[in-house]
$ cat query38.cif   # mmCIF, C-alpha atoms
data_protein
loop_
_atom_site.label_atom_id
_atom_site.label_comp_id
_atom_site.auth_asym_id
_atom_site.auth_seq_id
_atom_site.Cartn_x
_atom_site.Cartn_y
_atom_site.Cartn_z
CA MET A 6 76.14 143.88 118.26
CA ASN A 7 78.54 146.35 119.89
CA TYR A 8 80.37 149.24 118.21
CA GLY A 9 83.56 147.25 117.55
CA GLU A 10 81.58 144.46 115.93
CA ALA A 11 79.67 146.99 113.82
CA LEU A 12 82.92 148.56 112.63
CA GLY A 13 84.32 145.12 111.86
CA TYR A 14 81.28 144.14 109.82
CA THR A 15 81.39 147.47 107.95
CA ALA A 16 85.09 147.02 107.17
CA SER A 17 84.45 143.48 105.93
CA LEU A 18 82.51 144.97 103.00
CA LEU A 19 85.57 146.89 101.79
CA LYS A 20 86.72 143.87 99.83
CA PHE A 21 83.78 144.34 97.49
CA GLY A 22 85.21 147.68 96.39
CA ILE A 23 83.31 150.49 94.67
CA GLN A 24 80.23 149.47 92.71
CA LEU A 25 78.50 152.55 91.34
CA GLY A 26 74.75 152.13 90.83
CA LEU A 27 71.48 152.71 92.67
CA GLU A 28 69.14 149.74 92.14
CA ARG A 29 70.50 147.57 94.96
CA PHE A 30 70.71 150.49 97.38
CA ARG A 31 67.14 151.57 96.68
CA GLU A 32 66.01 148.05 97.46
CA LEU A 33 68.03 147.99 100.68
CA LEU A 34 66.40 151.21 101.83
CA ARG A 35 62.94 149.99 100.81
CA ARG A 36 63.34 146.94 103.03
CA VAL A 37 64.15 149.10 106.07
CA GLY A 38 61.35 151.62 105.58
CA ASP A 39 62.90 154.25 103.27
CA PRO A 40 64.50 156.37 106.03
CA HIS A 41 65.89 158.79 103.41
CA THR A 42 62.37 160.17 102.86
CA ALA A 43 62.04 161.34 106.47
CA PHE A 44 64.01 164.58 106.07
CA ARG A 45 64.72 167.34 103.59
CA ALA A 46 68.21 167.56 102.15
CA VAL A 47 70.90 169.69 100.57
CA HIS A 48 73.06 167.63 98.21
CA VAL A 49 76.72 168.61 97.72
CA ALA A 50 79.00 167.23 94.98
CA GLY A 51 82.37 168.36 93.65
CA THR A 52 86.00 167.34 93.26
CA ASN A 53 87.57 169.53 95.94
CA GLY A 54 85.89 171.59 98.63
CA LYS A 55 82.67 169.62 98.92
CA GLY A 56 83.39 168.53 102.50
CA SER A 57 84.10 172.09 103.64
CA THR A 58 81.05 173.40 101.76
CA THR A 59 78.90 170.73 103.42
CA VAL A 60 80.16 171.74 106.86
CA PHE A 61 79.62 175.46 106.19
CA ILE A 62 75.99 174.84 105.21
CA ALA A 63 75.32 172.50 108.13
CA SER A 64 76.88 174.94 110.58
CA VAL A 65 74.62 177.79 109.44
CA LEU A 66 71.46 175.67 109.53
CA ARG A 67 72.34 174.60 113.06
CA GLU A 68 72.87 178.24 114.09
CA ALA A 69 69.47 179.04 112.55
CA GLY A 70 67.83 176.53 114.87
CA TYR A 71 67.22 173.61 112.51
CA ARG A 72 67.92 170.07 113.65
CA THR A 73 70.65 169.38 111.14
CA GLY A 74 72.22 166.19 109.86
CA CYS A 75 75.66 166.23 108.28
CA TYR A 76 77.01 163.34 106.21
CA LEU A 77 80.70 163.41 105.26
CA SER A 78 83.15 161.03 103.64
CA PRO A 79 85.75 159.90 104.22
CA HIS A 80 86.47 160.46 107.89
CA LEU A 81 89.82 161.69 109.12
CA PHE A 82 90.45 160.47 112.68
CA ASP A 83 87.20 158.97 113.96
CA PHE A 84 84.83 156.88 111.84
CA ARG A 85 81.88 158.56 113.55
CA GLU A 86 82.83 161.91 111.97
CA ARG A 87 80.91 160.76 108.91
CA ILE A 88 77.47 160.92 110.58
CA GLN A 89 76.58 163.93 112.74
CA VAL A 90 73.43 165.53 114.12
CA ASN A 91 73.73 169.13 115.28
CA GLY A 92 77.50 168.74 115.31
CA VAL A 93 77.45 165.63 117.53
CA LEU A 94 79.09 162.48 116.15
CA ILE A 95 76.82 159.45 115.99
CA PRO A 96 77.08 157.63 119.34
CA PRO A 97 78.82 154.23 119.15
CA GLU A 98 75.72 152.38 120.33
CA ALA A 99 73.55 154.16 117.74
CA PHE A 100 75.87 153.15 114.89
CA ALA A 101 75.93 149.57 116.18
CA ARG A 102 72.14 149.53 116.31
CA GLN A 103 71.87 150.77 112.70
CA VAL A 104 74.32 148.15 111.42
CA GLU A 105 72.62 145.37 113.36
CA ARG A 106 69.30 146.32 111.74
CA LEU A 107 70.86 146.47 108.26
CA LYS A 108 72.97 143.31 108.41
CA PRO A 109 70.23 140.72 107.69
CA VAL A 110 68.97 142.81 104.77
CA VAL A 111 72.51 143.12 103.38
CA GLU A 112 72.98 139.36 103.62
CA ALA A 113 69.60 138.65 101.99
CA LEU A 114 70.43 140.95 99.07
CA ALA A 115 73.80 139.24 98.64
CA GLN A 116 71.98 135.94 98.07
CA ASP A 117 69.67 137.48 95.47
CA GLU A 118 71.26 137.51 92.02
CA ARG A 119 69.15 140.54 91.06
CA TYR A 120 70.98 142.73 93.59
CA GLY A 121 74.20 141.20 94.88
CA GLN A 122 76.63 142.45 97.49
CA THR A 123 76.12 145.73 99.33
CA THR A 124 79.26 147.90 99.51
CA GLU A 125 80.80 149.50 102.57
CA PHE A 126 79.74 152.98 101.44
CA GLU A 127 76.16 151.86 100.88
CA LEU A 128 75.99 150.39 104.38
CA ILE A 129 77.37 153.55 105.97
CA THR A 130 75.00 155.74 103.95
CA ALA A 131 72.02 153.61 104.97
CA ALA A 132 73.13 153.86 108.61
CA ALA A 133 73.34 157.65 108.26
CA PHE A 134 69.85 157.87 106.77
CA GLY A 135 68.49 155.64 109.54
CA HIS A 136 70.15 157.73 112.25
CA PHE A 137 68.88 161.00 110.76
CA ALA A 138 65.35 159.61 110.61
CA GLU A 139 65.48 158.36 114.21
CA GLU A 140 66.89 161.67 115.45
CA GLY A 141 64.19 163.76 113.81
CA VAL A 142 66.55 165.65 111.53
CA GLU A 143 64.80 168.48 109.68
CA VAL A 144 67.48 169.14 107.05
CA ALA A 145 70.43 166.88 106.21
CA VAL A 146 73.42 168.19 104.29
CA LEU A 147 74.82 165.26 102.32
CA GLU A 148 78.28 165.12 100.80
CA VAL A 149 78.48 162.91 97.72
CA GLY A 150 80.96 160.06 98.11
CA LEU A 151 82.15 159.66 94.52
CA GLY A 152 80.87 161.33 91.37
CA GLY A 153 77.19 162.01 91.78
CA ARG A 154 74.99 160.33 89.18
CA LEU A 155 75.53 156.81 90.50
CA ASP A 156 76.59 157.65 94.06
CA ALA A 157 74.54 156.03 96.82
CA THR A 158 73.49 159.43 98.20
CA ASN A 159 71.69 160.14 94.90
CA VAL A 160 68.70 158.00 95.93
CA ILE A 161 67.29 160.89 97.96
CA PRO A 162 64.09 162.64 96.86
CA PRO A 163 64.68 165.96 95.07
CA PRO A 164 66.74 168.08 97.48
CA LEU A 165 66.04 171.67 98.43
CA VAL A 166 69.24 172.74 96.68
CA ALA A 167 71.98 170.92 94.75
CA VAL A 168 75.56 172.17 95.01
CA ILE A 169 78.62 171.48 92.84
CA SER A 170 81.62 173.04 94.56
CA SER A 171 84.36 172.48 91.98
CA ILE A 172 85.44 170.22 89.13
CA GLY A 173 88.94 168.77 88.74
CA LEU A 174 90.67 165.66 87.48
CA ASP A 175 90.27 162.96 90.12
CA HIS A 176 89.05 159.33 90.12
CA GLN A 177 89.39 159.40 86.36
CA GLU A 178 89.28 155.62 86.13
CA LEU A 179 85.66 155.79 87.30
CA LEU A 180 84.40 159.24 86.31
CA GLY A 181 86.08 159.98 82.98
CA HIS A 182 89.28 161.49 81.64
CA SER A 183 88.11 165.02 80.82
CA LEU A 184 86.65 167.85 82.89
CA ARG A 185 83.47 167.62 80.81
CA GLN A 186 82.99 163.91 81.54
CA ILE A 187 83.62 164.40 85.25
CA ALA A 188 81.28 167.42 85.35
CA LEU A 189 78.50 165.39 83.72
CA GLU A 190 78.88 162.71 86.41
CA LYS A 191 78.80 165.30 89.20
CA ALA A 192 75.80 167.03 87.59
CA GLY A 193 73.94 163.74 87.87
CA ILE A 194 72.67 164.99 91.25
CA LEU A 195 70.54 167.64 89.52
CA LYS A 196 66.80 166.96 89.76
CA PRO A 197 64.02 168.61 87.71
CA GLY A 198 63.36 172.16 88.86
CA VAL A 199 65.75 172.04 91.83
CA PRO A 200 68.02 175.10 92.04
CA VAL A 201 71.73 174.39 91.67
CA VAL A 202 74.61 176.48 93.00
CA THR A 203 78.13 176.06 91.65
CA GLY A 204 81.57 177.50 92.14
CA VAL A 205 82.80 175.90 88.90
CA THR A 206 84.41 178.41 86.51
CA GLN A 207 86.29 176.27 83.94
CA GLY A 208 84.75 176.48 80.47
CA GLU A 209 84.11 172.87 79.52
CA ALA A 210 83.10 171.84 83.03
CA LEU A 211 80.75 174.79 83.48
CA GLU A 212 79.24 174.21 80.03
CA ALA A 213 78.47 170.60 80.97
CA ILE A 214 76.73 171.69 84.18
CA GLU A 215 74.78 174.37 82.30
CA GLU A 216 73.72 171.75 79.75
CA VAL A 217 72.35 169.38 82.40
CA ALA A 218 70.67 172.29 84.23
CA ARG A 219 68.84 173.29 81.06
CA GLN A 220 67.75 169.71 80.42
CA GLN A 221 66.42 169.38 83.98
CA GLY A 222 64.89 172.85 84.17
CA CYS A 223 67.14 173.77 87.10
CA PRO A 224 67.78 177.44 87.92
CA LEU A 225 71.59 177.72 87.88
CA HIS A 226 73.37 180.14 90.22
CA ARG A 227 77.09 180.76 89.72
CA VAL A 228 79.49 181.93 92.41
CA GLU A 229 82.56 183.78 91.14
CA PRO A 230 85.47 185.89 92.37
CA ALA A 231 84.54 189.57 92.57
CA ALA A 232 86.64 190.43 89.52
CA GLN A 233 84.33 188.23 87.41
CA ARG A 234 81.11 189.29 89.11
CA ARG A 235 77.98 189.65 87.02
CA ALA A 236 75.17 191.98 88.09
CA ASP A 237 72.79 189.12 88.87
CA GLY A 238 75.32 186.70 90.33
CA TYR A 239 76.94 185.72 93.60
CA ALA A 240 80.53 186.78 94.18
CA TYR A 241 83.18 187.05 96.89
CA TYR A 242 86.26 189.08 97.71
CA ALA A 243 88.83 188.66 100.48
CA SER A 244 91.74 190.60 101.93
CA ASP A 245 93.78 190.29 105.10
CA ALA A 246 92.62 193.67 106.33
CA ARG A 247 88.91 193.36 105.60
CA GLY A 248 88.28 189.62 105.75
CA LEU A 249 85.88 187.84 103.42
CA SER A 250 82.95 189.62 101.77
CA ILE A 251 80.19 187.76 99.93
CA TRP A 252 77.72 189.52 97.65
CA LEU A 253 74.16 188.23 98.07
CA PRO A 254 71.14 189.71 96.25
CA GLU A 255 69.58 191.24 99.37
CA ALA A 256 72.64 192.49 101.24
CA PRO A 257 76.34 191.59 101.25
CA LEU A 258 78.10 189.84 104.09
CA ILE A 259 81.09 192.02 104.94
CA GLY A 260 84.20 191.26 106.98
CA LEU A 261 83.75 187.54 107.70
CA ARG A 262 86.61 185.89 109.63
CA LEU A 263 86.50 182.16 109.00
CA ALA A 264 87.81 179.61 111.48
CA LEU A 265 88.62 177.40 108.49
CA GLN A 266 91.91 178.69 107.12
CA GLY A 267 93.31 178.86 103.60
CA HIS A 268 92.30 181.14 100.75
CA PHE A 269 90.53 178.26 99.01
CA GLN A 270 87.93 178.30 101.81
CA HIS A 271 86.69 181.68 100.63
CA ALA A 272 85.16 180.12 97.52
CA ASN A 273 83.70 177.26 99.56
CA ALA A 274 82.11 179.66 102.05
CA ALA A 275 80.71 181.79 99.22
CA VAL A 276 79.18 178.74 97.52
CA ALA A 277 77.66 177.71 100.86
CA ALA A 278 76.26 181.22 101.41
CA ALA A 279 74.68 181.21 97.94
CA ALA A 280 73.10 177.79 98.62
CA LEU A 281 71.76 179.07 101.95
CA ASN A 282 70.37 182.12 100.18
CA ARG A 283 68.42 179.78 97.87
CA LEU A 284 67.10 177.98 100.97
CA ARG A 285 65.87 181.33 102.25
CA LYS A 286 63.98 181.77 98.98
CA GLN A 287 62.23 178.48 99.72
CA GLY A 288 61.03 179.64 103.09
CA LEU A 289 63.73 178.53 105.51
CA ALA A 290 64.29 181.13 108.20
CA ILE A 291 68.01 181.90 108.21
CA PRO A 292 68.74 185.23 109.93
CA GLU A 293 71.85 187.14 108.90
CA GLU A 294 73.36 186.58 112.36
CA ALA A 295 73.01 182.81 111.94
CA LEU A 296 74.48 183.02 108.44
CA ARG A 297 77.47 185.01 109.65
CA GLN A 298 78.12 183.00 112.80
CA GLY A 299 77.61 179.65 111.09
CA LEU A 300 80.15 180.45 108.38
CA GLU A 301 82.67 181.86 110.85
CA ARG A 302 82.38 179.02 113.38
CA ALA A 303 82.41 176.07 110.96
CA ARG A 304 85.28 173.67 111.60
CA LEU A 305 86.62 170.63 109.78
CA PRO A 306 89.93 169.01 110.78
CA GLY A 307 92.69 168.60 108.23
CA ARG A 308 91.79 171.36 105.77
CA PHE A 309 94.81 173.66 105.94
CA GLN A 310 94.65 173.34 109.70
CA VAL A 311 97.53 175.15 111.39
CA LEU A 312 98.61 173.85 114.81
CA ARG A 313 100.99 175.99 116.89
CA ILE A 314 103.11 173.82 119.16
CA GLN A 315 104.77 175.60 122.08
CA ASN A 316 107.33 173.16 123.47
CA PRO A 317 109.47 173.25 121.45
CA PRO A 318 108.01 175.98 119.21
CA ARG A 319 106.83 174.39 115.96
CA THR A 320 104.15 175.00 113.33
CA LEU A 321 102.33 171.96 111.97
CA VAL A 322 100.04 172.25 108.94
CA LEU A 323 97.54 169.47 108.18
CA ASP A 324 96.00 169.28 104.72
CA VAL A 325 94.21 166.37 103.06
CA ALA A 326 95.02 167.55 99.52
CA HIS A 327 95.64 164.57 97.23
CA ASN A 328 95.21 165.73 93.63
CA GLN A 329 96.60 168.46 91.40
CA ASP A 330 93.97 171.09 92.19
CA GLY A 331 94.28 170.35 95.90
CA ALA A 332 98.06 170.76 95.69
CA ARG A 333 97.65 174.10 93.92
CA ALA A 334 95.26 175.31 96.61
CA LEU A 335 97.69 174.15 99.31
CA ALA A 336 100.58 175.95 97.59
CA GLU A 337 98.57 179.19 97.44
CA ALA A 338 97.60 178.89 101.09
CA LEU A 339 101.22 178.30 102.13
CA GLN A 340 102.41 181.26 100.08
CA HIS A 341 99.89 183.50 101.80
CA ALA A 342 100.37 182.17 105.35
CA PHE A 343 104.16 181.67 105.25
CA PRO A 344 105.55 184.02 102.60
CA GLY A 345 109.14 183.29 101.69
CA GLN A 346 109.29 180.15 103.83
CA LYS A 347 110.06 176.69 102.49
CA GLY A 348 108.34 174.01 104.51
CA LEU A 349 109.34 170.55 105.65
CA PHE A 350 106.88 168.17 104.00
CA VAL A 351 105.69 164.71 105.00
CA VAL A 352 103.80 163.08 102.13
CA GLY A 353 102.07 159.73 101.76
CA MET A 354 99.60 158.90 99.00
CA LYS A 355 96.89 156.37 98.23
CA ASN A 356 97.39 154.01 95.32
CA ASN A 357 94.77 155.76 93.16
CA HIS A 358 96.39 159.21 93.39
CA ASP A 359 99.31 160.31 91.23
CA PRO A 360 102.43 161.90 92.75
CA ALA A 361 103.43 163.14 89.29
CA GLU A 362 100.40 165.45 89.42
CA PHE A 363 100.47 166.20 93.15
CA LEU A 364 104.10 167.13 93.86
CA PRO A 365 104.97 169.61 91.04
CA PRO A 366 102.63 172.43 92.21
CA LEU A 367 104.27 172.22 95.65
CA LYS A 368 107.88 172.17 94.44
CA GLU A 369 108.68 175.82 95.23
CA HIS A 370 107.41 175.43 98.80
CA VAL A 371 109.37 172.29 99.72
CA GLY A 372 112.59 172.75 101.66
CA ARG A 373 112.88 169.06 102.46
CA LEU A 374 110.61 166.11 101.87
CA TRP A 375 110.00 162.87 103.78
CA VAL A 376 107.88 160.27 102.03
CA SER A 377 106.21 157.23 103.54
CA GLN A 378 103.13 155.07 103.05
CA PRO A 379 99.79 155.18 104.79
CA ARG A 380 98.88 151.80 106.25
CA THR A 381 95.95 151.30 103.85
CA ASN A 382 96.05 151.25 100.02
CA PRO A 383 99.46 152.95 99.70
CA ARG A 384 101.06 154.25 96.52
CA PRO A 385 104.39 152.50 95.92
CA LEU A 386 107.12 154.45 97.67
CA GLU A 387 109.40 154.14 94.66
CA GLU A 388 107.00 156.25 92.61
CA LEU A 389 107.04 159.12 95.10
CA LEU A 390 110.83 158.95 95.27
CA GLU A 391 111.13 158.95 91.48
CA VAL A 392 108.95 162.05 91.10
CA ALA A 393 110.76 163.82 93.96
CA HIS A 394 114.17 163.12 92.40
CA HIS A 395 112.90 164.32 89.02
CA LEU A 396 111.88 167.60 90.68
CA HIS A 397 115.32 167.84 92.36
CA LEU A 398 113.81 167.78 95.85
CA ARG A 399 115.77 166.68 98.91
CA VAL A 400 113.87 163.55 99.82
CA GLN A 401 114.12 160.72 102.32
CA ALA A 402 111.99 157.57 102.63
CA MET A 403 110.71 156.64 106.07
CA PRO A 404 109.15 153.44 107.44
CA SER A 405 105.96 155.12 108.68
CA ILE A 406 104.05 158.39 108.62
CA PRO A 407 104.53 159.04 112.40
CA ALA A 408 108.29 158.38 112.09
CA ALA A 409 108.57 160.76 109.16
CA LEU A 410 106.60 163.43 111.01
CA GLU A 411 108.74 163.06 114.13
CA GLN A 412 111.89 163.61 112.10
CA ALA A 413 110.45 166.62 110.29
CA LEU A 414 109.39 168.24 113.58
CA GLU A 415 112.84 167.64 115.03
CA ARG A 416 114.52 169.32 112.04
CA ALA A 417 112.15 172.31 111.80
CA THR A 418 112.95 175.79 113.04
CA PRO A 419 110.20 177.76 114.83
CA GLU A 420 109.48 179.69 111.62
CA GLN A 421 109.29 176.69 109.28
CA PRO A 422 105.92 175.02 108.66
CA VAL A 423 105.91 171.24 108.83
CA VAL A 424 103.28 170.11 106.31
CA LEU A 425 101.56 166.72 106.59
CA THR A 426 99.65 166.01 103.38
CA GLY A 427 98.94 163.66 100.46
CA SER A 428 95.71 161.90 101.50
CA PHE A 429 93.07 161.57 104.18
CA LEU A 430 94.80 158.36 105.24
CA THR A 431 98.14 160.12 105.70
CA VAL A 432 96.77 162.94 107.85
CA GLY A 433 94.65 160.35 109.64
CA GLU A 434 97.84 158.77 111.01
CA LEU A 435 98.65 161.94 112.95
CA PRO A 436 99.81 160.72 116.39
CA GLU A 437 98.81 162.05 119.80
CA PRO A 438 98.83 164.65 121.23
CA TYR A 439 98.51 166.44 117.89
CA ARG A 440 95.41 164.42 116.96
CA SER A 441 93.44 165.56 120.01
CA LEU A 442 94.49 169.12 119.30
CA ALA A 443 93.26 168.88 115.70
CA LEU A 444 89.94 167.27 116.69
CA ALA A 445 89.31 169.94 119.31
CA GLY A 446 89.90 172.67 116.77
CA GLN A 447 92.50 174.28 119.01
CA GLU A 448 95.50 176.10 117.60
CA GLY A 449 98.19 175.15 120.07
CA PHE A 450 99.39 173.69 123.34
#
$ encode --input "query38.cif" --output "structure tokens"
Amino acid sequence: MNYGEALGYTASLLKFGIQLGLERFRELLRRVGDPHTAFRAVHVAGTNGKGSTTVFIASVLREAGYRTGCYLSPHLFDFRERIQVNGVLIPPEAFARQVERLKPVVEALAQDERYGQTTEFELITAAAFGHFAEEGVEVAVLEVGLGGRLDATNVIPPPLVAVISSIGLDHQELLGHSLRQIALEKAGILKPGVPVVTGVTQGEALEAIEEVARQQGCPLHRVEPAAQRRADGYAYYASDARGLSIWLPEAPLIGLRLALQGHFQHANAAVAAAALNRLRKQGLAIPEEALRQGLERARLPGRFQVLRIQNPPRTLVLDVAHNQDGARALAEALQHAFPGQKGLFVVGMKNNHDPAEFLPPLKEHVGRLWVSQPRTNPRPLEELLEVAHHLHLRVQAMPSIPAALEQALERATPEQPVVLTGSFLTVGELPEPYRSLALAGQEGF
């Protein structure tokens, strides 16, 4: 099996959708030797920010000298982004080898009425575990796919630390219609006695996490803005002049300058630092220099990523925000980075995300809006147009994301940000040469 065939087989499982539950996946892993028991793990759940938090933690562990696995979902430009060892994407031949090994087991389970059909996410997760085991990973940082309690990643043995970055309203059809219900699903990753770090501050969501932590006997460590800091807690503060400061029990980290932009990354970095501090308490050697450099050097495309284009001069902002909290964070980041400027927006959304929640927080930052549909699972264009008209935005429908982006870049002045947002799928359709620029983590050309 070559890489293209492996991708094709993986994609063929998409038609089976999302099937939350662990029994089938545990059996799949058992039949291939339980690769998920070959490494220690940090488990990261949350509504927004969990991908960035995962990358921050993995970056620091790598700087500290640990052979580090990083599991992310979904990918943005390259499928192999999901599975990384020491920052290197899984080689095509390695992914093909993992899928080839898993395929007969997947097909045998499908014929067994006790287990049924393996999902795409389960296959990818099993491939990641297999690759980490083969590569001798010491610590893997695993981003939850959806929820937590019934997510495939939750088969792992008790992790070193569990992390819940944030709680917001997303995937309500699967996780529940209140912050409490969603928080309980996310808190399903908590294991008896395992410390948990959270950046959650909302009352009902935090109370749900505290409730599960008490039941499981988990030490709970909260990370809060400095204004809310408690004497025994973790906190952070940021300013343009002084950078980001994070209060840790031993000594604060002062004046961090993150490569990942956007004010919302301050909370993610602080949560990551608190989780890494708990790893230190468990005996992992993480020098302050590694902690500082790992946080500052961490990169993840498409999270308020600002590309400066020289010919002609343009500013392109990529952000995978797709829900209300993500839109609020994007609005705050735009206000800080481009004060007084209204941007030219290109928005496309998946069919399970609601433009009536996403667009209103951005209204004051939109000078003009182009809407289109990502190629996969698009939200009906009429719904985006209806919400845009209701908000009195200047809006135009376009036949494709690249066409919409081309028009926005043509209309922009050098000072105006062009913002591509609405979903991973939308940003994932970024054309060349901008895509290579984003993947390389460069700011301009």
$ closest_residue --input "query38.cif" --among "A:Pro366, A:Leu312, A:Thr320, A:Leu265" --to "A:Ala393" --atoms "all atoms listed in the file"
A:Pro366
$ atom_distance --input "query38.cif" --atom1 "atom CA of A:Leu12" --atom2 "atom CA of A:Lys108"
12.0 Å
$ residues_around --input "query38.cif" --residues "stretch 335-341 of chain A" --least-positions-apart "3" --cutoff "12 Å" --atoms "all atoms listed in the file" --output "PyMOL selection string"
chain A and resi 53+244-245+265-271+307-311+321-332+344-350+363-371+421-427
$ closest_residue --input "query38.cif" --among "A:Val376, A:Leu253, A:Leu151, A:Val90" --to "A:Glu391" --atoms "all atoms listed in the file"
A:Val376
$ closest_residue --input "query38.cif" --among "A:Phe134, A:Arg85, A:Ile259, A:Thr123" --to "A:Ala246" --atoms "all atoms listed in the file"
A:Ile259
$ atom_distance --input "query38.cif" --atom1 "atom CA of A:Pro379" --atom2 "atom CA of A:Pro96"
27.1 Å
$ closest_residue --input "query38.cif" --among "A:Val205, A:Ala264, A:Leu398, A:Leu305" --to "A:Leu444" --atoms "all atoms listed in the file"
A:Leu305
$ closest_residue --input "query38.cif" --among "A:Gln24, A:Leu18, A:Ile62, A:Phe30" --to "A:Arg302" --atoms "only C-alpha atoms"
A:Ile62
$ residues_near_point --input "query38.cif" --point "(64.4, 143.6, 105.4)" --cutoff "7 Å" --atoms "only C-alpha atoms" --output "number ranges by chain"
A: 36-37, 109-110
$ write_last_selection --input "query38.cif" --atoms "C-alpha atoms" --output "short mmCIF file (atom, residue, chain, number, x, y, z; two decimals), keeping the file's coordinate frame"
data_model
loop_
_atom_site.label_atom_id
_atom_site.label_comp_id
_atom_site.auth_asym_id
_atom_site.auth_seq_id
_atom_site.Cartn_x
_atom_site.Cartn_y
_atom_site.Cartn_z
CA ARG A 36 63.34 146.94 103.03
CA VAL A 37 64.15 149.10 106.07
CA PRO A 109 70.23 140.72 107.69
CA VAL A 110 68.97 142.81 104.77
#
$ closest_residue --input "query38.cif" --among "A:Gln103, A:Ser57, A:Ser377, A:Asn382" --to "A:Leu19" --atoms "all atoms listed in the file"
A:Asn382
$ resolve_selection --input "query38.cif" --expression "the PyMOL selection byres ((chain A and resi 298) around 10)" --output "short mmCIF file (atom, residue, chain, number, x, y, z; two decimals) with C-alpha atoms, keeping the file's coordinate frame"
data_model
loop_
_atom_site.label_atom_id
_atom_site.label_comp_id
_atom_site.auth_asym_id
_atom_site.auth_seq_id
_atom_site.Cartn_x
_atom_site.Cartn_y
_atom_site.Cartn_z
CA SER A 64 76.88 174.94 110.58
CA VAL A 65 74.62 177.79 109.44
CA GLU A 68 72.87 178.24 114.09
CA ALA A 69 69.47 179.04 112.55
CA LEU A 261 83.75 187.54 107.70
CA ARG A 262 86.61 185.89 109.63
CA LEU A 263 86.50 182.16 109.00
CA GLU A 293 71.85 187.14 108.90
CA GLU A 294 73.36 186.58 112.36
CA ALA A 295 73.01 182.81 111.94
CA LEU A 296 74.48 183.02 108.44
CA ARG A 297 77.47 185.01 109.65
CA GLY A 299 77.61 179.65 111.09
CA LEU A 300 80.15 180.45 108.38
CA GLU A 301 82.67 181.86 110.85
CA ARG A 302 82.38 179.02 113.38
CA ALA A 303 82.41 176.07 110.96
#
$ axis_aligned_box --input "query38.cif" --around "stretch 16-27 of chain A" --padding-each-side "4 Å" --output "AutoDock Vina command-line options"
--center_x 79.1 --center_y 148.1 --center_z 99.0 --size_x 23.2 --size_y 17.2 --size_z 24.3
$ residues_around --input "query38.cif" --residues "A:Ala231" --least-positions-apart "3" --cutoff "10 Å" --atoms "all atoms listed in the file" --output "list in words"
Val228, Arg234, Arg235, Gly238, Tyr239, Ala240, Tyr241, Tyr242, Ala243, Ser250, Ile251 and Trp252 of chain A
$ write_last_selection --input "query38.cif" --atoms "C-alpha atoms" --output "compact mmCIF listing (two decimals), in the frame of the given file"
# COMPACT_ATOMS: atom_id res chain seq x y z
CA VAL A 228 79.49 181.93 92.41
CA ARG A 234 81.11 189.29 89.11
CA ARG A 235 77.98 189.65 87.02
CA GLY A 238 75.32 186.70 90.33
CA TYR A 239 76.94 185.72 93.60
CA ALA A 240 80.53 186.78 94.18
CA TYR A 241 83.18 187.05 96.89
CA TYR A 242 86.26 189.08 97.71
CA ALA A 243 88.83 188.66 100.48
CA SER A 250 82.95 189.62 101.77
CA ILE A 251 80.19 187.76 99.93
CA TRP A 252 77.72 189.52 97.65
$ resolve_selection --input "query38.cif" --expression "the PyMOL selection byres ((chain A and resi 380) around 9)" --output "ChimeraX atom specification"
/A:378-379,381-383,405-406,430-431,434
$ write_last_selection --input "query38.cif" --atoms "C-alpha atoms" --output "PDB file, in the frame of the given file"
ATOM      1  CA  GLN A 378     103.130 155.070 103.050  1.00  0.00           C
ATOM      2  CA  PRO A 379      99.790 155.180 104.790  1.00  0.00           C
ATOM      3  CA  THR A 381      95.950 151.300 103.850  1.00  0.00           C
ATOM      4  CA  ASN A 382      96.050 151.250 100.020  1.00  0.00           C
ATOM      5  CA  PRO A 383      99.460 152.950  99.700  1.00  0.00           C
ATOM      6  CA  SER A 405     105.960 155.120 108.680  1.00  0.00           C
ATOM      7  CA  ILE A 406     104.050 158.390 108.620  1.00  0.00           C
ATOM      8  CA  LEU A 430      94.800 158.360 105.240  1.00  0.00           C
ATOM      9  CA  THR A 431      98.140 160.120 105.700  1.00  0.00           C
ATOM     10  CA  GLU A 434      97.840 158.770 111.010  1.00  0.00           C
TER      11      GLU A 434
END
$ residues_near_point --input "query38.cif" --point "(107.1, 159.0, 99.4)" --cutoff "6 Å" --atoms "all atoms listed in the file" --output "list in words"
Val352, Gly353, Val376, Ser377, Leu386, Leu389 and Leu390 of chain A
$ resolve_selection --input "query38.cif" --expression "the PyMOL selection byres ((chain A and resi 81) around 6)" --output "short mmCIF file (atom, residue, chain, number, x, y, z; two decimals) with C-alpha atoms, keeping the file's coordinate frame"
data_model
loop_
_atom_site.label_atom_id
_atom_site.label_comp_id
_atom_site.auth_asym_id
_atom_site.auth_seq_id
_atom_site.Cartn_x
_atom_site.Cartn_y
_atom_site.Cartn_z
CA HIS A 80 86.47 160.46 107.89
CA PHE A 82 90.45 160.47 112.68
CA PHE A 429 93.07 161.57 104.18
CA GLY A 433 94.65 160.35 109.64
#
